[in-house]
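To start, the structure under review is shown below, and the notes come after it.
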Amino acid sequence: MHVHQRLSRLRLMAPSIAQCAVGAAIAWLVARDLLGHSRPFFAPIAVVICIGVGLGQRLRRVFELVVGVSLGIGVGDLLVARIGSGTWQIALVVAMAMAVAVLLGSSSMIALQAASSAVLVATLLPPGGAGGFARMVDALVGGLVGLAAVALLPASPSALATRHAKGMFAALADALRQIAEAVERRDVSLAVDALEEARTSQKHVEEFRQALDTSTEIATISPLHRHRRRGLQGYERAARPLDHALRNTRVLARRAISALDASGPLPPWLPGALRELAGATLTLRDELAAEAPPEKATAAILAVASRQRSERWGFSADVMIAQLRSIIVDLLQATGIEPQDALASLPPLDARASDRSAGPQPAQEGPARAPASPDEEDLHGANVTPMS
């Protein structure tokens, strides 16, 4: 990872780091000075686990943290008071705490917290008395302080979603442009490069989904950003169709490799249509970031849709056209158009072309340089829009 990428990541995580630092200090003060606990280390630990430096569901973390800590302390106190501390006792305490968590149907987070809490009881903390209850309270205090830090020292939910959305939009636009260039220059190696780069795009989708979940959670918890909830709706609406568009683009790249290897005719208008869709993708990115209705993006995508034709160009070319139509429908849905209306925006294919262009097929024409059968990741979720 280059230095500028590391610095960019640090800037992205800076709000969470600040929340962890401030929240941990406050939780320690509350548990020690207000509640009178002498060593409330569970409180700052709970803050860090609740907030984290990643993206996730913090409300659920608080619940799992408190349940896991309580379970581990209870099992640890009960066993250590009777069998003492030592090597085999630690093994038994950890096994029992995790086993109880699993039997209760708990998540892996609860099981891990139960095990770590039981280890602390078995190695560092004297069992019995009110210590176990105090440590449960510390975990709860830390979790609540963590939520308060998210609410009162929040990252902007809109900015968080927008930063992560940029990678997804850029990946889609770049892939469409690269395929357009490969088709225009009839260069198979460019199409192969486009496919390989497009395969890395799924990480942007996953990061965006996590960021969107966290942004929605912040807008729900924080009174300072509750008004941002409406601005996130555009991203929520676009998330799944954009994922589908990226998957369809990967399949389009695969078919471009086959078509170029077969040296058959390709529609001369195809590169221009792909570049227009790339431009419309970036326009949609900008309009969503500005929390504006995606009118310009919709108009640009509809313009590409209206110019679709029904000529037959051969199997691979026909499938590429069908895949392009699927991407158009995906992008229209990302702007908020209903699936039926998005499909209706495409001119119907003639009967013979429809039979041949129903969607991408795994078979390859000629000595294609790509693998004979598509990777599951390329096809999963692809061609999800029915063809008219």
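Starting from 1 in every chain, residues are counted up; chains themselves are A, B, ... following the order of the structure tokens, and ligands are numbered from 1 as listed.
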Shell of 6 Å around region 275-290 of chain A, only C-alpha atoms, local chain residues under 5 positions omitted, as a VMD selection string: chain A and resid 162 173 176 to 177 297 300
Calculated over only C-alpha atoms, which of the candidates A:Phe63, A:Tyr235, A:Trp313, A:Trp269 has the smallest distance to Leu147 (chain A)? A:Phe63
I need the residue nearest Arg254 (chain A) from this list: A:Val67, A:Ala99, A:Glu217, A:Ser316. Use only C-alpha atoms for the distance. A:Ser316
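Ranking A:Val251, A:Val304, A:Ala334, A:Cys20 by their shortest atom-to-atom distance to Ala149 (chain A), with only C-alpha atoms included, puts A:Cys20 first.
Note that the spacing between CA of His37 (chain A) and CA of Ser85 (chain A) amounts to 23.4 Å.
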